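Colleague: Below is a structure I'd like to ask you about.
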Amino acid sequence: MEDKILKKYSEDRCNISDKYMAHSINGEIETAIGNIKRLKTQLVRKDHLDHLKVRFGIHRDNYHVPTGVYAVGTPHKESPILVTANYKLTLDQLRRELKNLNLWILVIDTKGINVWCAAGKGSFSAEEIIYQVKKNQLDELVNHRRLILPQLSAPGVAAHEIFKYTGFKGEFGPIRASDIKSYIENGFKATGEMRRVTFTLKERLLVSPLEFIMSMKHFPIVLILIFLYNLFKTTEGLWISTVMTAFAYVVAIAIVTLVLPALLPLLPFRMFFVKALFLAVVWSGVVYHFRDFFFIYGSSYETLGHLLLMASIMGYLGTNFTGSTTFTSFSGVQRETLRLIPVVAIGVLGGMALLLLDLFI
Amino acid sequence: MEYMSLSYIKGVANIKLYPDKCSGCGGCIEVCPHNVLIIEDHKVAFLDQDNCIECGGCMKNCPFDAIVVKTGVG
């Protein structure tokens, strides 16, 4: 543990630019350890724009905020200290819930990653907290010895270690920033509900646009393959047939990345790829019915070939979505992946074979 | 209430309890986001093992090594 803390001193990146934070700061307050920036608790238009960009995958891996202590309201020597990650989206979610409260926020270096993911990967850790507590002289800043940690940092933080090295007692607060006010009013006690992670419709719809956009990153390959395939078949109506067939694939991807998350609890089966295949069957019916519209009416081989390929992509993306959920386990995903691989292999090879067969008969 | 209907594959969660090492402090209950554990007769026990997502928060915060979780990525 000592080695890990010492290593922090050589790794510290003090020079994180505050360009993402400047508009979120509302003056400074004087303290025993120098001037400390005060965070606004009201988000401004730029913040909302940043959030929108993050949700649509623009620039989302580069929203580091500078580490250190920030003030909320007019804190003093007895005010509580909240610990959080140095991801802008995280800090914004937190500060907007702290209106009319007076407290300190300790932002630690999680490499610009949110609390839960950083804890899972080890950067939201006891050694990082210990390092920041010492570096920022929290023992001079406050009289009490209590740090409030986000509950979802627990996979990365052994709270008892913090006490051993700093004298500060790490206590796990609620999961959601919106519960912090009641947690404090409740005498620093979290209710059972505050301790349960959710995955509500709203939360699912927040992650799904990014899911769609990330999935579309490799779409040009699909487009080129469809184009080449159509090129071999006929040059007549090449562009329109390529565009319409590709459109069927885009909708297939949209269904599994947008509709599947929305309907998640309503879809039958537990494994995500089976849920996705359930939707694939529905979509196949639609595509089959409108096969003229999608220009995949060459022969039943061609139609079936495309439907198998679409279903395979949907199955794969279904399992892929487990990574964005709050209730799937690694062992479960492992089990599901073992089932998924043969299904996708058969679907892809079978689909391609049927399409090729169609070219040669 | 809605999220209650969200449950994943049963019988796979890789989490083991060693109640003889448990002091009954309840630190694990506090950090568990899925209500997996309970303290019974001052020892840790399962309330619903199938809810476990293997995040490892309980293991990390057990000073007595009474819980072992095989954690994955993320």
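Labeling convention for the structure tokens: chains A, B, ... as they appear, residues from 1 per chain, ligands from 1 in order of appearance.
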Taking only C-alpha atoms into account, what are the residues of chain B at most 12 Å from chain A, put as an mmCIF file with all heavy atoms, in the first residue's frame?

Modeller:
```
data_model
loop_
_atom_site.group_PDB
_atom_site.id
_atom_site.type_symbol
_atom_site.label_atom_id
_atom_site.label_comp_id
_atom_site.auth_asym_id
_atom_site.auth_seq_id
_atom_site.Cartn_x
_atom_site.Cartn_y
_atom_site.Cartn_z
ATOM 1 N N MET B 1 -39.767 0.437 -8.648
ATOM 2 C CA MET B 1 -40.346 -0.908 -8.733
ATOM 3 C C MET B 1 -39.972 -1.552 -10.061
ATOM 4 O O MET B 1 -39.742 -2.743 -10.158
ATOM 5 C CB MET B 1 -41.873 -0.772 -8.607
ATOM 6 C CG MET B 1 -42.582 -1.992 -8.027
ATOM 7 S SD MET B 1 -41.752 -2.714 -6.620
ATOM 8 C CE MET B 1 -42.110 -4.438 -6.905
ATOM 9 N N GLU B 2 -39.822 -0.685 -11.073
ATOM 10 C CA GLU B 2 -39.625 -1.180 -12.428
ATOM 11 C C GLU B 2 -38.391 -2.078 -12.554
ATOM 12 O O GLU B 2 -38.427 -3.116 -13.196
ATOM 13 C CB GLU B 2 -39.481 0.006 -13.377
ATOM 14 C CG GLU B 2 -39.397 -0.402 -14.828
ATOM 15 C CD GLU B 2 -39.019 0.760 -15.720
ATOM 16 O OE1 GLU B 2 -38.452 1.745 -15.220
ATOM 17 O OE2 GLU B 2 -39.294 0.667 -16.899
ATOM 18 N N TYR B 3 -37.304 -1.650 -11.891
ATOM 19 C CA TYR B 3 -36.057 -2.373 -12.082
ATOM 20 C C TYR B 3 -36.075 -3.762 -11.455
ATOM 21 O O TYR B 3 -35.229 -4.590 -11.731
ATOM 22 C CB TYR B 3 -34.880 -1.572 -11.530
ATOM 23 C CG TYR B 3 -34.888 -1.395 -10.044
ATOM 24 C CD1 TYR B 3 -34.206 -2.280 -9.231
ATOM 25 C CD2 TYR B 3 -35.584 -0.345 -9.455
ATOM 26 C CE1 TYR B 3 -34.211 -2.126 -7.863
ATOM 27 C CE2 TYR B 3 -35.597 -0.186 -8.100
ATOM 28 C CZ TYR B 3 -34.913 -1.071 -7.300
ATOM 29 O OH TYR B 3 -34.923 -0.931 -5.939
ATOM 30 N N MET B 4 -37.069 -4.002 -10.614
ATOM 31 C CA MET B 4 -37.168 -5.309 -9.975
ATOM 32 C C MET B 4 -37.349 -6.407 -11.019
ATOM 33 O O MET B 4 -36.958 -7.539 -10.814
ATOM 34 C CB MET B 4 -38.349 -5.338 -8.999
ATOM 35 C CG MET B 4 -38.195 -4.421 -7.804
ATOM 36 S SD MET B 4 -36.736 -4.789 -6.833
ATOM 37 C CE MET B 4 -37.295 -6.291 -6.004
ATOM 38 N N SER B 5 -37.952 -6.036 -12.145
ATOM 39 C CA SER B 5 -38.194 -7.051 -13.163
ATOM 40 C C SER B 5 -36.943 -7.314 -13.996
ATOM 41 O O SER B 5 -36.940 -8.188 -14.838
ATOM 42 C CB SER B 5 -39.340 -6.616 -14.063
ATOM 43 O OG SER B 5 -39.081 -5.324 -14.556
ATOM 44 N N LEU B 6 -35.900 -6.532 -13.764
ATOM 45 C CA LEU B 6 -34.659 -6.762 -14.477
ATOM 46 C C LEU B 6 -33.808 -7.753 -13.698
ATOM 47 O O LEU B 6 -33.283 -7.435 -12.646
ATOM 48 C CB LEU B 6 -33.888 -5.447 -14.641
ATOM 49 C CG LEU B 6 -34.484 -4.414 -15.591
ATOM 50 C CD1 LEU B 6 -33.748 -3.098 -15.471
ATOM 51 C CD2 LEU B 6 -34.438 -4.911 -17.013
ATOM 52 N N SER B 7 -33.712 -8.965 -14.210
ATOM 53 C CA SER B 7 -32.809 -9.908 -13.554
ATOM 54 C C SER B 7 -32.093 -10.702 -14.633
ATOM 55 O O SER B 7 -32.624 -10.938 -15.712
ATOM 56 C CB SER B 7 -33.574 -10.823 -12.610
ATOM 57 O OG SER B 7 -34.537 -11.559 -13.311
ATOM 58 N N TYR B 8 -30.871 -11.077 -14.311
ATOM 59 C CA TYR B 8 -30.032 -11.721 -15.318
ATOM 60 C C TYR B 8 -29.984 -13.227 -15.064
ATOM 61 O O TYR B 8 -30.725 -13.758 -14.228
ATOM 62 C CB TYR B 8 -28.641 -11.051 -15.295
ATOM 63 C CG TYR B 8 -27.811 -11.270 -16.531
ATOM 64 C CD1 TYR B 8 -28.380 -11.251 -17.799
ATOM 65 C CD2 TYR B 8 -26.436 -11.500 -16.434
ATOM 66 C CE1 TYR B 8 -27.608 -11.445 -18.929
ATOM 67 C CE2 TYR B 8 -25.655 -11.691 -17.561
ATOM 68 C CZ TYR B 8 -26.249 -11.666 -18.807
ATOM 69 O OH TYR B 8 -25.474 -11.868 -19.925
ATOM 70 N N ILE B 9 -29.094 -13.880 -15.790
ATOM 71 C CA ILE B 9 -28.989 -15.346 -15.745
ATOM 72 C C ILE B 9 -28.809 -15.849 -14.310
ATOM 73 O O ILE B 9 -27.994 -15.313 -13.553
ATOM 74 C CB ILE B 9 -27.784 -15.796 -16.598
ATOM 75 C CG1 ILE B 9 -27.930 -15.233 -18.010
ATOM 76 C CG2 ILE B 9 -27.690 -17.317 -16.628
ATOM 77 C CD1 ILE B 9 -26.667 -15.365 -18.843
ATOM 78 N N LYS B 10 -29.566 -16.872 -13.948
ATOM 79 C CA LYS B 10 -29.505 -17.397 -12.581
ATOM 80 C C LYS B 10 -28.377 -18.421 -12.429
ATOM 81 O O LYS B 10 -27.951 -19.045 -13.392
ATOM 82 C CB LYS B 10 -30.841 -18.063 -12.239
ATOM 83 C CG LYS B 10 -31.970 -17.056 -12.070
ATOM 84 C CD LYS B 10 -33.108 -17.680 -11.262
ATOM 85 C CE LYS B 10 -34.238 -16.692 -11.059
ATOM 86 N NZ LYS B 10 -33.850 -15.545 -10.233
ATOM 87 N N GLY B 11 -27.918 -18.550 -11.186
ATOM 88 C CA GLY B 11 -26.988 -19.645 -10.861
ATOM 89 C C GLY B 11 -25.584 -19.532 -11.406
ATOM 90 O O GLY B 11 -24.880 -20.519 -11.507
ATOM 91 N N VAL B 12 -25.153 -18.312 -11.782
ATOM 92 C CA VAL B 12 -23.797 -18.188 -12.312
ATOM 93 C C VAL B 12 -22.879 -17.330 -11.437
ATOM 94 O O VAL B 12 -21.659 -17.421 -11.549
ATOM 95 C CB VAL B 12 -23.772 -17.597 -13.746
ATOM 96 C CG1 VAL B 12 -24.396 -18.560 -14.741
ATOM 97 C CG2 VAL B 12 -24.458 -16.245 -13.793
ATOM 98 N N ALA B 13 -23.468 -16.504 -10.578
ATOM 99 C CA ALA B 13 -22.671 -15.527 -9.828
ATOM 100 C C ALA B 13 -21.570 -16.218 -9.019
ATOM 101 O O ALA B 13 -21.817 -17.142 -8.263
ATOM 102 C CB ALA B 13 -23.567 -14.712 -8.910
ATOM 103 N N ASN B 14 -20.349 -15.727 -9.222
ATOM 104 C CA ASN B 14 -19.194 -16.339 -8.585
ATOM 105 C C ASN B 14 -18.830 -15.597 -7.303
ATOM 106 O O ASN B 14 -17.908 -14.790 -7.272
ATOM 107 C CB ASN B 14 -18.027 -16.298 -9.577
ATOM 108 C CG ASN B 14 -17.088 -17.457 -9.381
ATOM 109 O OD1 ASN B 14 -16.840 -17.860 -8.244
ATOM 110 N ND2 ASN B 14 -16.563 -17.990 -10.468
ATOM 111 N N ILE B 15 -19.598 -15.849 -6.249
ATOM 112 C CA ILE B 15 -19.355 -15.198 -4.959
ATOM 113 C C ILE B 15 -19.444 -16.250 -3.859
ATOM 114 O O ILE B 15 -20.387 -17.049 -3.832
ATOM 115 C CB ILE B 15 -20.358 -14.033 -4.724
ATOM 116 C CG1 ILE B 15 -20.225 -13.491 -3.295
ATOM 117 C CG2 ILE B 15 -21.797 -14.445 -5.018
ATOM 118 C CD1 ILE B 15 -21.010 -12.213 -3.048
ATOM 119 N N GLY B 27 -20.451 -4.178 6.834
ATOM 120 C CA GLY B 27 -19.851 -3.313 5.818
ATOM 121 C C GLY B 27 -20.238 -3.740 4.407
ATOM 122 O O GLY B 27 -20.439 -2.917 3.530
ATOM 123 N N CYS B 28 -20.360 -5.056 4.219
ATOM 124 C CA CYS B 28 -20.714 -5.592 2.897
ATOM 125 C C CYS B 28 -22.145 -5.222 2.514
ATOM 126 O O CYS B 28 -22.420 -4.899 1.359
ATOM 127 C CB CYS B 28 -20.546 -7.110 2.899
ATOM 128 S SG CYS B 28 -21.372 -7.926 4.270
ATOM 129 N N ILE B 29 -23.035 -5.263 3.495
ATOM 130 C CA ILE B 29 -24.449 -4.937 3.238
ATOM 131 C C ILE B 29 -24.550 -3.498 2.751
ATOM 132 O O ILE B 29 -25.319 -3.172 1.855
ATOM 133 C CB ILE B 29 -25.284 -5.065 4.542
ATOM 134 C CG1 ILE B 29 -24.980 -6.351 5.280
ATOM 135 C CG2 ILE B 29 -26.768 -4.852 4.280
ATOM 136 C CD1 ILE B 29 -25.609 -7.577 4.704
ATOM 137 N N GLU B 30 -23.733 -2.644 3.385
ATOM 138 C CA GLU B 30 -23.767 -1.221 3.069
ATOM 139 C C GLU B 30 -23.386 -0.947 1.616
ATOM 140 O O GLU B 30 -24.006 -0.122 0.951
ATOM 141 C CB GLU B 30 -22.780 -0.510 3.997
ATOM 142 C CG GLU B 30 -22.971 0.966 4.052
ATOM 143 C CD GLU B 30 -22.359 1.539 5.315
ATOM 144 O OE1 GLU B 30 -21.124 1.652 5.329
ATOM 145 O OE2 GLU B 30 -23.094 1.843 6.260
ATOM 146 N N VAL B 31 -22.376 -1.646 1.104
ATOM 147 C CA VAL B 31 -21.885 -1.329 -0.245
ATOM 148 C C VAL B 31 -22.610 -2.090 -1.349
ATOM 149 O O VAL B 31 -22.496 -1.728 -2.521
ATOM 150 C CB VAL B 31 -20.361 -1.580 -0.380
ATOM 151 C CG1 VAL B 31 -19.603 -0.650 0.542
ATOM 152 C CG2 VAL B 31 -20.002 -3.025 -0.118
ATOM 153 N N CYS B 32 -23.335 -3.145 -1.028
ATOM 154 C CA CYS B 32 -23.950 -3.965 -2.075
ATOM 155 C C CYS B 32 -25.073 -3.203 -2.790
ATOM 156 O O CYS B 32 -26.044 -2.794 -2.174
ATOM 157 C CB CYS B 32 -24.510 -5.260 -1.517
ATOM 158 S SG CYS B 32 -25.284 -6.252 -2.818
ATOM 159 N N PRO B 33 -24.951 -3.002 -4.113
ATOM 160 C CA PRO B 33 -25.980 -2.256 -4.835
ATOM 161 C C PRO B 33 -27.183 -3.107 -5.246
ATOM 162 O O PRO B 33 -28.122 -2.608 -5.834
ATOM 163 C CB PRO B 33 -25.239 -1.749 -6.077
ATOM 164 C CG PRO B 33 -24.150 -2.738 -6.314
ATOM 165 C CD PRO B 33 -23.810 -3.353 -4.985
ATOM 166 N N HIS B 34 -27.135 -4.413 -4.972
ATOM 167 C CA HIS B 34 -28.213 -5.291 -5.422
ATOM 168 C C HIS B 34 -28.820 -6.151 -4.318
ATOM 169 O O HIS B 34 -29.429 -7.191 -4.619
ATOM 170 C CB HIS B 34 -27.734 -6.164 -6.586
ATOM 171 C CG HIS B 34 -27.730 -5.438 -7.900
ATOM 172 N ND1 HIS B 34 -28.893 -5.172 -8.590
ATOM 173 C CD2 HIS B 34 -26.726 -4.899 -8.634
ATOM 174 C CE1 HIS B 34 -28.585 -4.515 -9.712
ATOM 175 N NE2 HIS B 34 -27.288 -4.331 -9.749
ATOM 176 N N ASN B 35 -28.609 -5.764 -3.073
ATOM 177 C CA ASN B 35 -29.300 -6.434 -1.981
ATOM 178 C C ASN B 35 -29.061 -7.941 -1.955
ATOM 179 O O ASN B 35 -29.988 -8.724 -1.771
ATOM 180 C CB ASN B 35 -30.807 -6.179 -2.116
ATOM 181 C CG ASN B 35 -31.469 -6.061 -0.773
ATOM 182 O OD1 ASN B 35 -30.798 -6.024 0.263
ATOM 183 N ND2 ASN B 35 -32.790 -6.020 -0.764
ATOM 184 N N VAL B 36 -27.808 -8.335 -2.158
ATOM 185 C CA VAL B 36 -27.473 -9.758 -2.266
ATOM 186 C C VAL B 36 -27.300 -10.394 -0.885
ATOM 187 O O VAL B 36 -27.630 -11.550 -0.678
ATOM 188 C CB VAL B 36 -26.165 -9.935 -3.093
ATOM 189 C CG1 VAL B 36 -25.694 -11.381 -3.079
ATOM 190 C CG2 VAL B 36 -26.382 -9.443 -4.516
ATOM 191 N N GLN B 49 -28.509 -14.655 -4.016
ATOM 192 C CA GLN B 49 -27.218 -14.770 -4.693
ATOM 193 C C GLN B 49 -27.321 -14.429 -6.183
ATOM 194 O O GLN B 49 -26.384 -13.895 -6.772
ATOM 195 C CB GLN B 49 -26.676 -16.197 -4.517
ATOM 196 C CG GLN B 49 -25.242 -16.355 -5.018
ATOM 197 C CD GLN B 49 -24.691 -17.738 -4.731
ATOM 198 O OE1 GLN B 49 -25.335 -18.573 -4.109
ATOM 199 N NE2 GLN B 49 -23.466 -17.982 -5.186
ATOM 200 N N ASP B 50 -28.481 -14.739 -6.779
ATOM 201 C CA ASP B 50 -28.644 -14.512 -8.224
ATOM 202 C C ASP B 50 -28.628 -13.038 -8.604
ATOM 203 O O ASP B 50 -28.442 -12.701 -9.767
ATOM 204 C CB ASP B 50 -29.944 -15.154 -8.728
ATOM 205 C CG ASP B 50 -29.817 -16.667 -8.797
ATOM 206 O OD1 ASP B 50 -28.685 -17.143 -9.030
ATOM 207 O OD2 ASP B 50 -30.825 -17.352 -8.602
ATOM 208 N N ASN B 51 -28.834 -12.154 -7.638
ATOM 209 C CA ASN B 51 -28.801 -10.719 -7.939
ATOM 210 C C ASN B 51 -27.382 -10.185 -8.060
ATOM 211 O O ASN B 51 -27.175 -9.059 -8.495
ATOM 212 C CB ASN B 51 -29.509 -9.921 -6.837
ATOM 213 C CG ASN B 51 -31.005 -9.895 -7.049
ATOM 214 O OD1 ASN B 51 -31.473 -10.181 -8.141
ATOM 215 N ND2 ASN B 51 -31.741 -9.567 -6.005
ATOM 216 N N CYS B 52 -26.396 -10.994 -7.652
ATOM 217 C CA CYS B 52 -25.014 -10.505 -7.591
ATOM 218 C C CYS B 52 -24.476 -10.216 -8.983
ATOM 219 O O CYS B 52 -24.638 -11.003 -9.907
ATOM 220 C CB CYS B 52 -24.124 -11.531 -6.900
ATOM 221 S SG CYS B 52 -22.388 -11.038 -6.848
ATOM 222 N N ILE B 53 -23.830 -9.048 -9.130
ATOM 223 C CA ILE B 53 -23.241 -8.678 -10.416
ATOM 224 C C ILE B 53 -21.715 -8.773 -10.341
ATOM 225 O O ILE B 53 -21.014 -8.314 -11.237
ATOM 226 C CB ILE B 53 -23.662 -7.259 -10.848
ATOM 227 C CG1 ILE B 53 -23.235 -6.218 -9.802
ATOM 228 C CG2 ILE B 53 -25.154 -7.201 -11.080
ATOM 229 C CD1 ILE B 53 -23.357 -4.790 -10.306
ATOM 230 N N GLU B 54 -21.213 -9.339 -9.260
ATOM 231 C CA GLU B 54 -19.767 -9.576 -9.093
ATOM 232 C C GLU B 54 -18.944 -8.293 -9.162
ATOM 233 O O GLU B 54 -17.858 -8.285 -9.724
ATOM 234 C CB GLU B 54 -19.258 -10.575 -10.150
ATOM 235 C CG GLU B 54 -19.988 -11.904 -10.121
ATOM 236 C CD GLU B 54 -19.671 -12.787 -11.318
ATOM 237 O OE1 GLU B 54 -19.317 -12.245 -12.372
ATOM 238 O OE2 GLU B 54 -19.795 -14.014 -11.185
ATOM 239 N N CYS B 55 -19.456 -7.204 -8.598
ATOM 240 C CA CYS B 55 -18.690 -5.953 -8.633
ATOM 241 C C CYS B 55 -17.512 -6.016 -7.666
ATOM 242 O O CYS B 55 -16.504 -5.361 -7.859
ATOM 243 C CB CYS B 55 -19.583 -4.749 -8.333
ATOM 244 S SG CYS B 55 -20.121 -4.590 -6.616
ATOM 245 N N GLY B 56 -17.674 -6.817 -6.597
ATOM 246 C CA GLY B 56 -16.559 -7.023 -5.681
ATOM 247 C C GLY B 56 -16.451 -5.983 -4.576
ATOM 248 O O GLY B 56 -15.480 -5.989 -3.820
ATOM 249 N N GLY B 57 -17.429 -5.099 -4.473
ATOM 250 C CA GLY B 57 -17.406 -4.060 -3.442
ATOM 251 C C GLY B 57 -17.380 -4.648 -2.039
ATOM 252 O O GLY B 57 -16.676 -4.153 -1.157
ATOM 253 N N CYS B 58 -18.144 -5.725 -1.841
ATOM 254 C CA CYS B 58 -18.217 -6.372 -0.519
ATOM 255 C C CYS B 58 -16.876 -6.979 -0.148
ATOM 256 O O CYS B 58 -16.399 -6.825 0.972
ATOM 257 C CB CYS B 58 -19.320 -7.425 -0.509
ATOM 258 S SG CYS B 58 -19.210 -8.619 -1.860
ATOM 259 N N MET B 59 -16.256 -7.659 -1.141
ATOM 260 C CA MET B 59 -14.961 -8.292 -0.882
ATOM 261 C C MET B 59 -13.924 -7.239 -0.505
ATOM 262 O O MET B 59 -13.173 -7.395 0.455
ATOM 263 C CB MET B 59 -14.520 -9.055 -2.134
ATOM 264 C CG MET B 59 -13.128 -9.622 -2.052
ATOM 265 S SD MET B 59 -12.750 -10.738 -3.414
ATOM 266 C CE MET B 59 -12.679 -9.623 -4.812
ATOM 267 N N LYS B 60 -13.905 -6.152 -1.275
ATOM 268 C CA LYS B 60 -12.930 -5.090 -1.062
ATOM 269 C C LYS B 60 -13.093 -4.456 0.320
ATOM 270 O O LYS B 60 -12.120 -4.042 0.938
ATOM 271 C CB LYS B 60 -13.130 -4.018 -2.138
ATOM 272 C CG LYS B 60 -12.039 -2.989 -2.213
ATOM 273 C CD LYS B 60 -10.939 -3.439 -3.137
ATOM 274 C CE LYS B 60 -9.833 -2.406 -3.239
ATOM 275 N NZ LYS B 60 -8.716 -2.897 -4.050
ATOM 276 N N ASN B 61 -14.323 -4.390 0.795
ATOM 277 C CA ASN B 61 -14.583 -3.701 2.051
ATOM 278 C C ASN B 61 -14.794 -4.641 3.231
ATOM 279 O O ASN B 61 -15.297 -4.230 4.273
ATOM 280 C CB ASN B 61 -15.747 -2.733 1.884
ATOM 281 C CG ASN B 61 -15.295 -1.483 1.148
ATOM 282 O OD1 ASN B 61 -14.661 -0.611 1.719
ATOM 283 N ND2 ASN B 61 -15.564 -1.429 -0.140
ATOM 284 N N CYS B 62 -14.416 -5.898 3.064
ATOM 285 C CA CYS B 62 -14.471 -6.824 4.192
ATOM 286 C C CYS B 62 -13.075 -6.938 4.784
ATOM 287 O O CYS B 62 -12.173 -7.472 4.149
ATOM 288 C CB CYS B 62 -14.948 -8.202 3.753
ATOM 289 S SG CYS B 62 -14.945 -9.369 5.129
ATOM 290 N N PRO B 63 -12.876 -6.431 5.998
ATOM 291 C CA PRO B 63 -11.536 -6.483 6.578
ATOM 292 C C PRO B 63 -11.152 -7.898 7.034
ATOM 293 O O PRO B 63 -10.031 -8.124 7.445
ATOM 294 C CB PRO B 63 -11.622 -5.556 7.801
ATOM 295 C CG PRO B 63 -12.946 -4.867 7.703
ATOM 296 C CD PRO B 63 -13.832 -5.746 6.867
ATOM 297 N N PHE B 64 -12.094 -8.841 6.946
ATOM 298 C CA PHE B 64 -11.841 -10.181 7.492
ATOM 299 C C PHE B 64 -11.776 -11.266 6.416
ATOM 300 O O PHE B 64 -11.774 -12.454 6.738
ATOM 301 C CB PHE B 64 -12.927 -10.518 8.527
ATOM 302 C CG PHE B 64 -13.159 -9.405 9.495
ATOM 303 C CD1 PHE B 64 -14.236 -8.539 9.347
ATOM 304 C CD2 PHE B 64 -12.261 -9.181 10.539
ATOM 305 C CE1 PHE B 64 -14.433 -7.483 10.218
ATOM 306 C CE2 PHE B 64 -12.452 -8.127 11.411
ATOM 307 C CZ PHE B 64 -13.542 -7.267 11.262
ATOM 308 N N ASP B 65 -11.778 -10.871 5.148
ATOM 309 C CA ASP B 65 -11.737 -11.830 4.027
ATOM 310 C C ASP B 65 -12.848 -12.871 4.103
ATOM 311 O O ASP B 65 -12.639 -14.033 3.766
ATOM 312 C CB ASP B 65 -10.370 -12.539 3.960
ATOM 313 C CG ASP B 65 -9.225 -11.553 3.804
ATOM 314 O OD1 ASP B 65 -9.408 -10.564 3.084
ATOM 315 O OD2 ASP B 65 -8.154 -11.772 4.420
ATOM 316 N N VAL B 69 -15.110 -12.809 -4.206
ATOM 317 C CA VAL B 69 -15.850 -12.639 -5.457
ATOM 318 C C VAL B 69 -14.860 -12.726 -6.609
ATOM 319 O O VAL B 69 -13.781 -12.137 -6.540
ATOM 320 C CB VAL B 69 -16.557 -11.256 -5.521
ATOM 321 C CG1 VAL B 69 -17.386 -11.137 -6.794
ATOM 322 C CG2 VAL B 69 -17.413 -11.034 -4.297
ATOM 323 N N LYS B 70 -15.225 -13.474 -7.636
ATOM 324 C CA LYS B 70 -14.388 -13.470 -8.837
ATOM 325 C C LYS B 70 -14.913 -12.347 -9.719
ATOM 326 O O LYS B 70 -15.948 -12.477 -10.368
ATOM 327 C CB LYS B 70 -14.493 -14.819 -9.554
ATOM 328 C CG LYS B 70 -13.483 -14.985 -10.662
ATOM 329 C CD LYS B 70 -13.477 -16.435 -11.160
ATOM 330 C CE LYS B 70 -12.814 -16.529 -12.522
ATOM 331 N NZ LYS B 70 -13.751 -16.318 -13.643
ATOM 332 N N THR B 71 -14.215 -11.218 -9.680
ATOM 333 C CA THR B 71 -14.716 -10.050 -10.388
ATOM 334 C C THR B 71 -14.242 -10.048 -11.836
ATOM 335 O O THR B 71 -13.157 -10.527 -12.146
ATOM 336 C CB THR B 71 -14.240 -8.738 -9.733
ATOM 337 O OG1 THR B 71 -12.823 -8.772 -9.664
ATOM 338 C CG2 THR B 71 -14.809 -8.586 -8.352
ATOM 339 N N GLY B 72 -15.084 -9.507 -12.694
ATOM 340 C CA GLY B 72 -14.711 -9.385 -14.098
ATOM 341 C C GLY B 72 -14.254 -7.983 -14.397
ATOM 342 O O GLY B 72 -13.800 -7.269 -13.506
ATOM 343 N N VAL B 73 -14.391 -7.580 -15.633
ATOM 344 C CA VAL B 73 -14.019 -6.208 -15.992
ATOM 345 C C VAL B 73 -15.184 -5.261 -15.755
ATOM 346 O O VAL B 73 -16.332 -5.659 -15.837
ATOM 347 C CB VAL B 73 -13.582 -6.124 -17.465
ATOM 348 C CG1 VAL B 73 -12.170 -6.612 -17.631
ATOM 349 C CG2 VAL B 73 -14.524 -6.914 -18.352
ATOM 350 N N GLY B 74 -14.887 -4.002 -15.494
ATOM 351 C CA GLY B 74 -15.898 -2.940 -15.460
ATOM 352 C C GLY B 74 -16.772 -2.870 -14.283
ATOM 353 O O GLY B 74 -17.072 -3.608 -13.478
#
```

Colleague: For Glu211 of chain A, find every residue with an atom within 10 Å (counting only C-alpha atoms), except residues of its own chain fewer than 6 positions away, and show them as a list in words.

Modeller: Arg55, Phe56, Gly57, Leu205, Ile253, Ala254, Val256, Thr257, Leu258, Pro261, Leu317, Asn320, Phe321 and Ser324 of chain A

Colleague: Tell me which protein, DNA and RNA residues are within 12 Å of Leu94 of chain A, counting only C-alpha atoms, leaving out same-chain ones fewer than 6 positions away, and put them as a PyMOL selection string.

Modeller: chain A and resi 39-43+72+82-88+101+104-107+114-115+150+174-181

Colleague: Please determine, counting only C-alpha atoms, which residue among A:Trp239, A:Tyr297, A:Phe168, A:Phe163 has the shortest atom-to-atom distance to Ile224 of chain A.

Modeller: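 The answer is A:Trp239, which sits nearest to Ile224 of chain A.
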